[in-house]
Each structure stands twice: as C-alpha cells, then as structure tokens.
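Asker: Got final-v9.cif for you, mmCIF, C-alpha atoms and all ligand atoms:
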data_upload
#
loop_
_atom_site.group_PDB
_atom_site.id
_atom_site.type_symbol
_atom_site.label_atom_id
_atom_site.label_comp_id
_atom_site.auth_asym_id
_atom_site.auth_seq_id
_atom_site.Cartn_x
_atom_site.Cartn_y
_atom_site.Cartn_z
ATOM 1 C CA MET G 1 0.000 0.000 0.000
ATOM 2 C CA LEU G 2 1.261 3.463 -0.928
ATOM 3 C CA GLU G 3 -0.395 6.527 0.566
ATOM 4 C CA VAL G 4 0.671 10.036 -0.403
ATOM 5 C CA LEU G 5 -0.507 12.289 2.414
ATOM 6 C CA ASN G 6 -1.727 15.282 0.474
ATOM 7 C CA HIS G 7 -2.584 17.999 2.966
ATOM 8 C CA PRO G 8 -2.225 21.764 2.485
ATOM 9 C CA LEU G 9 -0.160 22.159 5.672
ATOM 10 C CA ILE G 10 2.204 19.343 4.693
ATOM 11 C CA THR G 11 2.555 20.681 1.145
ATOM 12 C CA HIS G 12 3.201 24.220 2.404
ATOM 13 C CA LYS G 13 5.885 23.110 4.853
ATOM 14 C CA LEU G 14 7.491 20.767 2.310
ATOM 15 C CA THR G 15 7.689 23.659 -0.146
ATOM 16 C CA GLN G 16 9.653 25.681 2.438
ATOM 17 C CA MET G 17 12.020 22.716 2.813
ATOM 18 C CA ARG G 18 12.512 22.327 -0.939
ATOM 19 C CA LYS G 19 13.637 25.963 -1.426
ATOM 20 C CA LYS G 20 17.400 26.049 -1.796
ATOM 21 C CA GLU G 21 17.663 29.226 0.298
ATOM 22 C CA THR G 22 16.016 27.606 3.347
ATOM 23 C CA GLY G 23 18.618 27.296 6.109
ATOM 24 C CA THR G 24 19.220 24.511 8.618
ATOM 25 C CA LYS G 25 16.963 25.912 11.362
ATOM 26 C CA ASP G 26 13.882 26.354 9.143
ATOM 27 C CA PHE G 27 14.544 23.094 7.302
ATOM 28 C CA ARG G 28 14.658 21.165 10.569
ATOM 29 C CA GLU G 29 11.617 22.900 12.062
ATOM 30 C CA ASN G 30 9.468 22.265 8.990
ATOM 31 C CA LEU G 31 10.549 18.613 8.923
ATOM 32 C CA ASP G 32 9.662 18.247 12.587
ATOM 33 C CA GLU G 33 6.205 19.736 12.022
ATOM 34 C CA ILE G 34 5.558 17.560 8.964
ATOM 35 C CA ALA G 35 6.575 14.478 10.955
ATOM 36 C CA GLU G 36 3.882 15.251 13.508
ATOM 37 C CA LEU G 37 1.236 15.822 10.828
ATOM 38 C CA MET G 38 2.199 12.602 9.031
ATOM 39 C CA ALA G 39 2.189 10.635 12.282
ATOM 40 C CA TYR G 40 -1.444 11.572 12.864
ATOM 41 C CA GLU G 41 -2.396 9.908 9.566
ATOM 42 C CA VAL G 42 0.041 6.992 9.808
ATOM 43 C CA CYS G 43 -1.393 6.130 13.248
ATOM 44 C CA ARG G 44 -4.985 6.163 12.037
ATOM 45 C CA ASP G 45 -5.237 2.342 12.037
ATOM 46 C CA LEU G 46 -3.367 1.605 15.280
ATOM 47 C CA PRO G 47 -5.292 -1.050 17.211
ATOM 48 C CA THR G 48 -6.962 -0.190 20.523
ATOM 49 C CA ARG G 49 -8.471 -2.237 23.327
ATOM 50 C CA PRO G 50 -11.409 -1.349 25.552
ATOM 51 C CA VAL G 51 -10.623 -0.379 29.158
ATOM 52 C CA SER G 52 -12.994 0.246 32.046
ATOM 53 C CA ILE G 53 -12.356 3.653 33.609
ATOM 54 C CA GLU G 54 -14.039 6.053 36.011
ATOM 55 C CA THR G 55 -14.491 9.664 34.996
ATOM 56 C CA PRO G 56 -15.236 12.171 37.802
ATOM 57 C CA ILE G 57 -18.893 11.591 36.891
ATOM 58 C CA GLY G 58 -19.016 7.820 36.655
ATOM 59 C CA PRO G 59 -17.854 4.604 34.990
ATOM 60 C CA THR G 60 -17.409 4.191 31.245
ATOM 61 C CA THR G 61 -15.426 2.253 28.671
ATOM 62 C CA GLY G 62 -12.473 3.983 27.041
ATOM 63 C CA PHE G 63 -9.958 2.765 24.489
ATOM 64 C CA GLU G 64 -6.192 2.580 24.753
ATOM 65 C CA LEU G 65 -3.494 1.646 22.252
ATOM 66 C CA SER G 66 -3.113 -2.118 22.452
ATOM 67 C CA ARG G 67 0.223 -2.645 20.675
ATOM 68 C CA GLU G 68 3.610 -1.184 21.312
ATOM 69 C CA VAL G 69 4.942 1.234 18.698
ATOM 70 C CA VAL G 70 8.637 1.227 17.812
ATOM 71 C CA ILE G 71 10.086 4.045 15.702
ATOM 72 C CA VAL G 72 13.261 3.210 13.771
ATOM 73 C CA PRO G 73 14.972 6.230 12.190
ATOM 74 C CA ILE G 74 17.501 5.393 9.491
ATOM 75 C CA LEU G 75 20.586 7.398 10.519
ATOM 76 C CA ARG G 76 21.314 10.115 9.989
ATOM 77 C CA ALA G 77 18.462 11.882 8.259
ATOM 78 C CA GLY G 78 15.709 9.772 9.847
ATOM 79 C CA ILE G 79 16.462 11.457 13.184
ATOM 80 C CA GLY G 80 14.782 14.555 11.775
ATOM 81 C CA LEU G 81 11.408 12.761 11.850
ATOM 82 C CA LEU G 82 11.766 11.234 15.310
ATOM 83 C CA ASP G 83 10.666 13.979 17.698
ATOM 84 C CA GLY G 84 7.562 14.928 15.731
ATOM 85 C CA ILE G 85 6.277 11.340 15.758
ATOM 86 C CA ARG G 86 7.209 10.868 19.421
ATOM 87 C CA ARG G 87 5.176 13.898 20.420
ATOM 88 C CA LEU G 88 2.075 12.029 19.226
ATOM 89 C CA VAL G 89 3.159 8.588 20.450
ATOM 90 C CA PRO G 90 5.220 9.411 23.555
ATOM 91 C CA THR G 91 5.217 5.784 24.739
ATOM 92 C CA ALA G 92 6.948 4.624 21.540
ATOM 93 C CA LYS G 93 10.277 2.879 21.885
ATOM 94 C CA VAL G 94 13.070 3.810 19.514
ATOM 95 C CA GLY G 95 15.507 1.620 17.587
ATOM 96 C CA PHE G 96 18.267 2.902 15.343
ATOM 97 C CA ILE G 97 19.826 1.676 12.139
ATOM 98 C CA GLY G 98 22.746 3.474 10.542
ATOM 99 C CA MET G 99 22.977 3.324 6.763
ATOM 100 C CA TYR G 100 24.965 5.403 4.321
ATOM 101 C CA ARG G 101 24.850 5.303 0.538
ATOM 102 C CA ASP G 102 28.112 4.803 -1.308
ATOM 103 C CA GLU G 103 28.158 7.878 -3.527
ATOM 104 C CA GLU G 104 29.599 5.916 -6.469
ATOM 105 C CA THR G 105 27.580 2.710 -6.421
ATOM 106 C CA LEU G 106 24.526 4.159 -4.574
ATOM 107 C CA LYS G 107 24.508 0.892 -2.569
ATOM 108 C CA PRO G 108 23.610 1.220 1.126
ATOM 109 C CA HIS G 109 25.998 0.119 3.897
ATOM 110 C CA GLU G 110 24.843 -0.669 7.424
ATOM 111 C CA TYR G 111 27.137 0.679 10.152
ATOM 112 C CA PHE G 112 24.995 0.577 13.297
ATOM 113 C CA ALA G 113 21.938 -1.246 14.640
ATOM 114 C CA LYS G 114 20.278 -1.189 18.052
ATOM 115 C CA PHE G 115 16.660 -2.242 18.614
ATOM 116 C CA PRO G 116 14.325 -2.707 21.548
ATOM 117 C CA SER G 117 13.218 -6.276 22.303
ATOM 118 C CA ASN G 118 9.789 -7.618 21.307
ATOM 119 C CA LEU G 119 9.944 -6.226 17.771
ATOM 120 C CA ASP G 120 7.768 -9.190 16.776
ATOM 121 C CA GLU G 121 4.787 -7.836 18.731
ATOM 122 C CA ALA G 122 5.264 -4.151 17.875
ATOM 123 C CA ILE G 123 4.112 -1.898 15.096
ATOM 124 C CA VAL G 124 7.433 -0.714 13.684
ATOM 125 C CA MET G 125 7.690 2.620 11.865
ATOM 126 C CA VAL G 126 10.844 2.896 9.766
ATOM 127 C CA VAL G 127 11.440 6.591 9.134
ATOM 128 C CA ASP G 128 13.719 8.341 6.647
ATOM 129 C CA PRO G 129 12.924 11.567 4.768
ATOM 130 C CA MET G 130 14.196 10.312 1.394
ATOM 131 C CA LEU G 131 13.155 7.239 -0.603
ATOM 132 C CA ALA G 132 15.448 7.402 -3.646
ATOM 133 C CA THR G 133 16.647 4.066 -5.104
ATOM 134 C CA GLY G 134 14.972 2.431 -2.114
ATOM 135 C CA GLY G 135 18.147 0.511 -1.270
ATOM 136 C CA SER G 136 18.492 1.955 2.243
ATOM 137 C CA ALA G 137 14.841 1.321 3.123
ATOM 138 C CA VAL G 138 14.885 -2.234 1.708
ATOM 139 C CA ASP G 139 18.023 -3.133 3.674
ATOM 140 C CA ALA G 140 16.790 -1.457 6.869
ATOM 141 C CA ILE G 141 13.516 -3.394 6.637
ATOM 142 C CA ASN G 142 15.478 -6.621 6.013
ATOM 143 C CA ALA G 143 17.455 -5.978 9.197
ATOM 144 C CA ILE G 144 14.302 -5.297 11.198
ATOM 145 C CA LYS G 145 12.512 -8.370 9.869
ATOM 146 C CA LYS G 146 15.574 -10.462 10.768
ATOM 147 C CA ARG G 147 14.968 -9.357 14.385
ATOM 148 C CA GLY G 148 11.374 -10.595 14.186
ATOM 149 C CA ALA G 149 9.347 -7.517 13.178
ATOM 150 C CA LYS G 150 6.092 -8.475 11.465
ATOM 151 C CA THR G 151 4.127 -5.236 11.155
ATOM 152 C CA ILE G 152 6.154 -2.499 9.463
ATOM 153 C CA LYS G 153 5.277 0.924 8.094
ATOM 154 C CA LEU G 154 7.738 3.024 6.094
ATOM 155 C CA VAL G 155 7.355 6.782 6.619
ATOM 156 C CA SER G 156 9.252 9.022 4.182
ATOM 157 C CA LEU G 157 8.858 12.596 3.104
ATOM 158 C CA VAL G 158 9.788 12.506 -0.564
ATOM 159 C CA GLY G 159 9.922 9.409 -2.745
ATOM 160 C CA VAL G 160 10.179 8.510 -6.406
ATOM 161 C CA PRO G 161 8.497 5.656 -8.287
ATOM 162 C CA GLU G 162 11.808 3.711 -8.483
ATOM 163 C CA GLY G 163 12.144 3.675 -4.689
ATOM 164 C CA VAL G 164 8.495 2.846 -4.076
ATOM 165 C CA GLN G 165 8.705 -0.063 -6.531
ATOM 166 C CA ALA G 166 11.924 -1.370 -4.948
ATOM 167 C CA VAL G 167 10.308 -1.469 -1.496
ATOM 168 C CA GLN G 168 7.034 -2.894 -2.798
ATOM 169 C CA HIS G 169 8.937 -5.613 -4.692
ATOM 170 C CA ALA G 170 11.141 -6.613 -1.737
ATOM 171 C CA HIS G 171 8.543 -6.048 0.998
ATOM 172 C CA PRO G 172 4.982 -6.191 -0.366
ATOM 173 C CA ASP G 173 3.653 -6.398 3.203
ATOM 174 C CA VAL G 174 5.035 -2.969 4.191
ATOM 175 C CA ASP G 175 2.769 0.088 4.005
ATOM 176 C CA ILE G 176 4.518 3.158 2.551
ATOM 177 C CA TYR G 177 3.556 6.727 3.502
ATOM 178 C CA LEU G 178 4.937 9.752 1.639
ATOM 179 C CA ALA G 179 4.325 13.492 1.771
ATOM 180 C CA ALA G 180 5.121 13.730 -1.948
ATOM 181 C CA LEU G 181 5.844 11.427 -4.876
ATOM 182 C CA ASP G 182 8.432 13.196 -7.032
ATOM 183 C CA ASP G 183 9.421 12.644 -10.619
ATOM 184 C CA HIS G 184 12.641 10.692 -10.994
ATOM 185 C CA LEU G 185 16.272 10.261 -9.890
ATOM 186 C CA ASN G 186 19.087 12.160 -11.558
ATOM 187 C CA GLU G 187 22.354 10.523 -12.655
ATOM 188 C CA LYS G 188 23.778 10.996 -9.133
ATOM 189 C CA GLY G 189 20.827 9.291 -7.490
ATOM 190 C CA TYR G 190 19.236 12.506 -6.192
ATOM 191 C CA ILE G 191 15.488 12.946 -6.251
ATOM 192 C CA VAL G 192 14.243 15.472 -8.852
ATOM 193 C CA PRO G 193 13.030 18.020 -7.881
ATOM 194 C CA GLY G 194 13.495 16.716 -4.302
ATOM 195 C CA LEU G 195 15.123 18.896 -1.677
ATOM 196 C CA GLY G 196 18.799 18.019 -1.992
ATOM 197 C CA ASP G 197 20.730 16.002 0.579
ATOM 198 C CA ALA G 198 18.391 15.695 3.546
ATOM 199 C CA GLY G 199 21.089 14.710 6.063
ATOM 200 C CA ASP G 200 23.321 17.621 5.113
ATOM 201 C CA ARG G 201 20.427 20.091 5.259
ATOM 202 C CA ILE G 202 19.225 18.845 8.655
ATOM 203 C CA PHE G 203 22.643 18.821 10.273
ATOM 204 C CA GLY G 204 24.367 21.635 8.397
ATOM 205 C CA THR G 205 27.114 19.408 7.004
ATOM 206 C CA LYS G 206 28.544 19.100 3.502
HETATM 207 C C1 LIG G 301 20.037 9.356 2.361
HETATM 208 C C2 LIG G 301 18.637 9.302 2.904
HETATM 209 C C3 LIG G 301 18.322 7.831 2.815
HETATM 210 C C4 LIG G 301 19.061 7.418 1.577
HETATM 211 C C5 LIG G 301 18.062 7.293 0.449
HETATM 212 O O1 LIG G 301 20.952 8.975 3.315
HETATM 213 O O2 LIG G 301 18.511 9.805 4.202
HETATM 214 O O3 LIG G 301 18.764 7.077 3.926
HETATM 215 O O4 LIG G 301 19.992 8.456 1.271
HETATM 216 O O5 LIG G 301 18.668 6.807 -0.684
HETATM 217 P P1 LIG G 301 18.352 5.381 -1.305
HETATM 218 O O6 LIG G 301 16.854 5.248 -1.312
HETATM 219 O O7 LIG G 301 18.932 5.477 -2.684
HETATM 220 O O8 LIG G 301 19.017 4.328 -0.475
HETATM 221 P P2 LIG G 301 22.536 9.107 3.103
HETATM 222 O O9 LIG G 301 23.103 7.824 2.577
HETATM 223 O O10 LIG G 301 22.847 10.343 2.322
HETATM 224 O O11 LIG G 301 23.067 9.217 4.589
HETATM 225 P P3 LIG G 301 22.805 10.347 5.698
HETATM 226 O O12 LIG G 301 21.402 10.167 6.200
HETATM 227 O O13 LIG G 301 23.815 10.031 6.730
HETATM 228 O O14 LIG G 301 23.011 11.710 5.072
HETATM 229 N N1 LIG G 302 19.268 11.099 -0.332
HETATM 230 C C1 LIG G 302 19.033 12.418 -0.123
HETATM 231 O O1 LIG G 302 19.319 12.949 0.959
HETATM 232 N N2 LIG G 302 18.492 13.143 -1.139
HETATM 233 C C2 LIG G 302 18.172 12.583 -2.321
HETATM 234 O O2 LIG G 302 17.663 13.294 -3.207
HETATM 235 C C3 LIG G 302 18.428 11.206 -2.523
HETATM 236 C C4 LIG G 302 18.968 10.495 -1.498
#
Please, can you express the file's structure as structure tokens?
Answerer:
Amino acid sequence: MLEVLNHPLITHKLTQMRKKETGTKDFRENLDEIAELMAYEVCRDLPTRPVSIETPIGPTTGFELSREVVIVPILRAGIGLLDGIRRLVPTAKVGFIGMYRDEETLKPHEYFAKFPSNLDEAIVMVVDPMLATGGSAVDAINAIKKRGAKTIKLVSLVGVPEGVQAVQHAHPDVDIYLAALDDHLNEKGYIVPGLGDAGDRIFGTK
C-alpha cells in the first residue's frame, strides 16, 4: 500500500524545505512539524483495546493503544522525523539503524543497529525523509525483519516511483507513507526536484 498524504499544511511546509535558500533551522523545524502531521495519519489504524475507567462523573469504557509502537529512524536523516512522531506517540520505543549510501555505487551500507526487544509484537515505523533508489529502506527493513518484526510501516517525506517499486517488490507487506511522490532520480541518485541532501540540510554538514 502506498499513501501520499496530500494535505495543504504538509505541502506548504514541504515547499519551504525544498527551497534552496532555506537554512538549517527552518529546514529542521518544517521537517519536525511535517513528521507530527504525518504521524497523525500513519497512526490512524493503530489497534486499541477497551478499558474500564471512572471519569469524575461515573464509569465508562475507554480505548487505549493495544500494541507497542517502535520508531526506527535510518541514521542520519531519519532522526529529523523522530521527535515529531514521538510527540504524538510518547510511549513509543526507539531503535536505530545506521545506513549510508556509497556515492559511487549508490549501494547502502549498514554501520549501526540497536533495537528494543519484542519487535515481533510491535508496530514498527521505519522513518527516513528520502526514498530514492529504495536501497536503504529495503536493507533497513530486512534488518528489522531479521529481528522478528512483522508489522512495518515506512514513513518518508519525498519518494520517487523507483524507490516505491523497490520497497514494494522486496517487501509487499510494508505500508509506505509519503508526503510527496516526485518525478525521478538524476544521474547521481538525487530525487528530482526533491530537496537536496536531507542529512546535510538537517545537520548543516557538507
Ligand atoms: C540518504 C537518505 C536515505 C538514503 C536514500 O541517506 O537519508 O537514507 O539516502 O537513498 P536510497 O533510497 O537510494 O538508499 P545518506 O546515505 O545520504 O546518509 P545520511 O542520512 O547520513 O546523510
Ligand atoms: N538522499 C538524499 O538525501 N536526497 C536525495 O535526493 C536522494 C537520497
């Protein structure tokens, strides 16, 4: 399943991020706000269970989240989505996977992994702003499945059809959420029109 979360607030904030003159502070703040808006939609189907509670007026049945949520940012750029999602799901646990793309081959390399236990019972959100060739997302999801994860959602900001197809081919069971589906990849593997190198723009590196 692919869902492009078209919403005027998301589109407006993403447009600020795309502008080449937008600096690190505004880039990061817009990303953080989009993450929160996306999380609201991505969480729409989280399961709940009934609980008996007492309001100050009397007894009733409420509903609470019934499955643990684990957020897994793909380092580095995925960190930019973490706080916004955690504001909506503050009980979420967080795992990390470090991947970098070889700039020549565009192949991803894993350099770090640390996950909470019980991934098999959790709803795992893999988060990374960019879905380009899809190699990083496919490998990150492989690593998470190897640790037992069964319910996985991929949350990215900007994707291209190549990346979506790569993930759907390797992991047809994973739901993909994007803020925008862009046109294509250029010869260096950058998304066109995209927003440039997300990690560099979030952290002010180059
Ligand atoms: C970027 C981005 C994704 C990856 C997407 O990370 O954050 O992880 O590229 O490309 P792909 O779909 O072709 O794999 P990068 O390798 O630049 O590392 P960084 O997050 O440390 O900047
Ligand atoms: N990674 C990025 O940060 N930007 C792109 O356009 C493609 C991959």
Asker: Run the PyMOL selection byres (((chain G and resi 164) around 12) and not hetatm) on the file and write out the hits as an mmCIF file with C-alpha atoms, keeping the file's coordinate frame.
Answerer:
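As a result, out31.cif now contains:
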data_model
loop_
_atom_site.group_PDB
_atom_site.id
_atom_site.type_symbol
_atom_site.label_atom_id
_atom_site.label_comp_id
_atom_site.auth_asym_id
_atom_site.auth_seq_id
_atom_site.Cartn_x
_atom_site.Cartn_y
_atom_site.Cartn_z
ATOM 1 C CA MET G 1 0.000 0.000 0.000
ATOM 2 C CA LEU G 2 1.261 3.463 -0.928
ATOM 3 C CA GLU G 3 -0.395 6.527 0.566
ATOM 4 C CA VAL G 4 0.671 10.036 -0.403
ATOM 5 C CA MET G 130 14.196 10.312 1.394
ATOM 6 C CA LEU G 131 13.155 7.239 -0.603
ATOM 7 C CA ALA G 132 15.448 7.402 -3.646
ATOM 8 C CA THR G 133 16.647 4.066 -5.104
ATOM 9 C CA GLY G 134 14.972 2.431 -2.114
ATOM 10 C CA GLY G 135 18.147 0.511 -1.270
ATOM 11 C CA SER G 136 18.492 1.955 2.243
ATOM 12 C CA ALA G 137 14.841 1.321 3.123
ATOM 13 C CA VAL G 138 14.885 -2.234 1.708
ATOM 14 C CA LEU G 154 7.738 3.024 6.094
ATOM 15 C CA VAL G 155 7.355 6.782 6.619
ATOM 16 C CA SER G 156 9.252 9.022 4.182
ATOM 17 C CA VAL G 158 9.788 12.506 -0.564
ATOM 18 C CA GLY G 159 9.922 9.409 -2.745
ATOM 19 C CA VAL G 160 10.179 8.510 -6.406
ATOM 20 C CA PRO G 161 8.497 5.656 -8.287
ATOM 21 C CA GLU G 162 11.808 3.711 -8.483
ATOM 22 C CA GLY G 163 12.144 3.675 -4.689
ATOM 23 C CA GLN G 165 8.705 -0.063 -6.531
ATOM 24 C CA ALA G 166 11.924 -1.370 -4.948
ATOM 25 C CA VAL G 167 10.308 -1.469 -1.496
ATOM 26 C CA GLN G 168 7.034 -2.894 -2.798
ATOM 27 C CA HIS G 169 8.937 -5.613 -4.692
ATOM 28 C CA ALA G 170 11.141 -6.613 -1.737
ATOM 29 C CA HIS G 171 8.543 -6.048 0.998
ATOM 30 C CA PRO G 172 4.982 -6.191 -0.366
ATOM 31 C CA VAL G 174 5.035 -2.969 4.191
ATOM 32 C CA ASP G 175 2.769 0.088 4.005
ATOM 33 C CA ILE G 176 4.518 3.158 2.551
ATOM 34 C CA TYR G 177 3.556 6.727 3.502
ATOM 35 C CA LEU G 178 4.937 9.752 1.639
ATOM 36 C CA ALA G 180 5.121 13.730 -1.948
ATOM 37 C CA LEU G 181 5.844 11.427 -4.876
ATOM 38 C CA ASP G 182 8.432 13.196 -7.032
ATOM 39 C CA ASP G 183 9.421 12.644 -10.619
ATOM 40 C CA HIS G 184 12.641 10.692 -10.994
#
Asker: Evaluated on this file, the PyMOL selection byres (((chain G and resi 71) around 9) and not hetatm) picks out some residues - which ones are they, written as a ChimeraX atom specification?
Answerer: /G:69-70,72-73,82,85-86,92-96,123-127
Asker: Hey, which of G:Asn6, G:Ser66, G:Thr15, G:Thr55 ends up closest to Pro193 (chain G)? Count all atoms listed in the file.
Answerer: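 With all atoms listed in the file as the atom set, the closest residue is G:Thr15.
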Asker: Residues within 6 Å of ligand LIG 302 (chain G) (only C-alpha atoms and all ligand atoms), as a list in words?
Answerer: Met130, Ala132, Gly189, Tyr190, Ile191, Gly194, Gly196, Asp197, Ala198 and Gly199 of chain G
Asker: Can you work out the spacing between CA of Leu46 (chain G) and CA of Ala149 (chain G) in Å, to one decimal?
Answerer: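 Between CA of Leu46 (chain G) and CA of Ala149 (chain G) the gap is 15.8 Å.
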Asker: To test your reading of the syntax: which residues would the PyMOL selection byres (((chain G and resi 84) around 12) and not hetatm) return for the file shown? Reply as a ChimeraX atom specification.
Answerer: /G:28-40,71,73,78-83,85-90,92,127
Asker: So that I have them on file, write out the residues from the current selection with C-alpha atoms, as a PDB file, keeping the file's coordinate frame.
Answerer:
ATOM      1  CA  ARG G  28      14.658  21.165  10.569  1.00  0.00           C
ATOM      2  CA  GLU G  29      11.617  22.900  12.062  1.00  0.00           C
ATOM      3  CA  ASN G  30       9.468  22.265   8.990  1.00  0.00           C
ATOM      4  CA  LEU G  31      10.549  18.613   8.923  1.00  0.00           C
ATOM      5  CA  ASP G  32       9.662  18.247  12.587  1.00  0.00           C
ATOM      6  CA  GLU G  33       6.205  19.736  12.022  1.00  0.00           C
ATOM      7  CA  ILE G  34       5.558  17.560   8.964  1.00  0.00           C
ATOM      8  CA  ALA G  35       6.575  14.478  10.955  1.00  0.00           C
ATOM      9  CA  GLU G  36       3.882  15.251  13.508  1.00  0.00           C
ATOM     10  CA  LEU G  37       1.236  15.822  10.828  1.00  0.00           C
ATOM     11  CA  MET G  38       2.199  12.602   9.031  1.00  0.00           C
ATOM     12  CA  ALA G  39       2.189  10.635  12.282  1.00  0.00           C
ATOM     13  CA  TYR G  40      -1.444  11.572  12.864  1.00  0.00           C
ATOM     14  CA  ILE G  71      10.086   4.045  15.702  1.00  0.00           C
ATOM     15  CA  PRO G  73      14.972   6.230  12.190  1.00  0.00           C
ATOM     16  CA  GLY G  78      15.709   9.772   9.847  1.00  0.00           C
ATOM     17  CA  ILE G  79      16.462  11.457  13.184  1.00  0.00           C
ATOM     18  CA  GLY G  80      14.782  14.555  11.775  1.00  0.00           C
ATOM     19  CA  LEU G  81      11.408  12.761  11.850  1.00  0.00           C
ATOM     20  CA  LEU G  82      11.766  11.234  15.310  1.00  0.00           C
ATOM     21  CA  ASP G  83      10.666  13.979  17.698  1.00  0.00           C
ATOM     22  CA  ILE G  85       6.277  11.340  15.758  1.00  0.00           C
ATOM     23  CA  ARG G  86       7.209  10.868  19.421  1.00  0.00           C
ATOM     24  CA  ARG G  87       5.176  13.898  20.420  1.00  0.00           C
ATOM     25  CA  LEU G  88       2.075  12.029  19.226  1.00  0.00           C
ATOM     26  CA  VAL G  89       3.159   8.588  20.450  1.00  0.00           C
ATOM     27  CA  PRO G  90       5.220   9.411  23.555  1.00  0.00           C
ATOM     28  CA  ALA G  92       6.948   4.624  21.540  1.00  0.00           C
ATOM     29  CA  VAL G 127      11.440   6.591   9.134  1.00  0.00           C
TER      30      VAL G 127
END
Asker: Can you measure CA of Lys150 (chain G) to CA of Asp120 (chain G) for me? One decimal in Å is fine.
Answerer: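 These two atoms are separated by 5.6 Å.
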Asker: What is the distance, in Å and to one decimal place, between CA of Glu68 (chain G) and CA of Pro108 (chain G)?
Answerer: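 Between CA of Glu68 (chain G) and CA of Pro108 (chain G) the gap is 28.5 Å.
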Asker: Hey, which of G:Asp173, G:Glu121, G:Glu187, G:Asp102 ends up closest to ligand LIG 301 (chain G)? Count all atoms listed in the file.
Answerer: G:Asp102
Asker: Between G:Ala77, G:Leu185, G:Cys43, G:Ile152, which is the closest to Leu119 (chain G) once you count only C-alpha atoms?
Answerer: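 Closest to Leu119 (chain G), using only C-alpha atoms: G:Ile152.
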Asker: Let me have the centre and edge lengths in Å, one decimal, of the box along x, y and z around every listed atom of ligand LIG 301 (chain G) with 4 Å of margin on each side, as lines of an AutoDock Vina configuration file.
Answerer:
center_x = 20.3
center_y = 8.0
center_z = 2.0
size_x = 15.0
size_y = 15.4
size_z = 17.4
Asker: Nearest to Pro129 (chain G): which of G:Lys19, G:Ala143, G:Leu157, G:Gly98 is it, counting all atoms listed in the file?
Answerer: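 Using all atoms listed in the file, Pro129 (chain G) sits closest to G:Leu157.
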Asker: Please return as a list in words every residue within 8 Å of (-8.1, -0.6, 23.7), taking into account all atoms listed in the file and the file's own coordinates.
Answerer: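 Those residues lying close to the given coordinates are Pro47, Thr48, Arg49, Pro50, Val51, Gly62, Phe63, Glu64, Leu65 and Ser66 of chain G.
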Asker: Determine, counting all atoms listed in the file, which protein, DNA and RNA residues have an atom within 8 Å of an atom of Ile97 (chain G); residues of the same chain fewer than 6 positions away are not included. Present the result as a PyMOL selection string.
Answerer: chain G and resi 72-75+110-114+140
Asker: Convert the current residue selection to file output with C-alpha atoms, as a PDB file, in the frame of the given file.
Answerer:
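File written: result-v4.pdb
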ATOM      1  CA  VAL G  72      13.261   3.210  13.771  1.00  0.00           C
ATOM      2  CA  PRO G  73      14.972   6.230  12.190  1.00  0.00           C
ATOM      3  CA  ILE G  74      17.501   5.393   9.491  1.00  0.00           C
ATOM      4  CA  LEU G  75      20.586   7.398  10.519  1.00  0.00           C
ATOM      5  CA  GLU G 110      24.843  -0.669   7.424  1.00  0.00           C
ATOM      6  CA  TYR G 111      27.137   0.679  10.152  1.00  0.00           C
ATOM      7  CA  PHE G 112      24.995   0.577  13.297  1.00  0.00           C
ATOM      8  CA  ALA G 113      21.938  -1.246  14.640  1.00  0.00           C
ATOM      9  CA  LYS G 114      20.278  -1.189  18.052  1.00  0.00           C
ATOM     10  CA  ALA G 140      16.790  -1.457   6.869  1.00  0.00           C
TER      11      ALA G 140
END
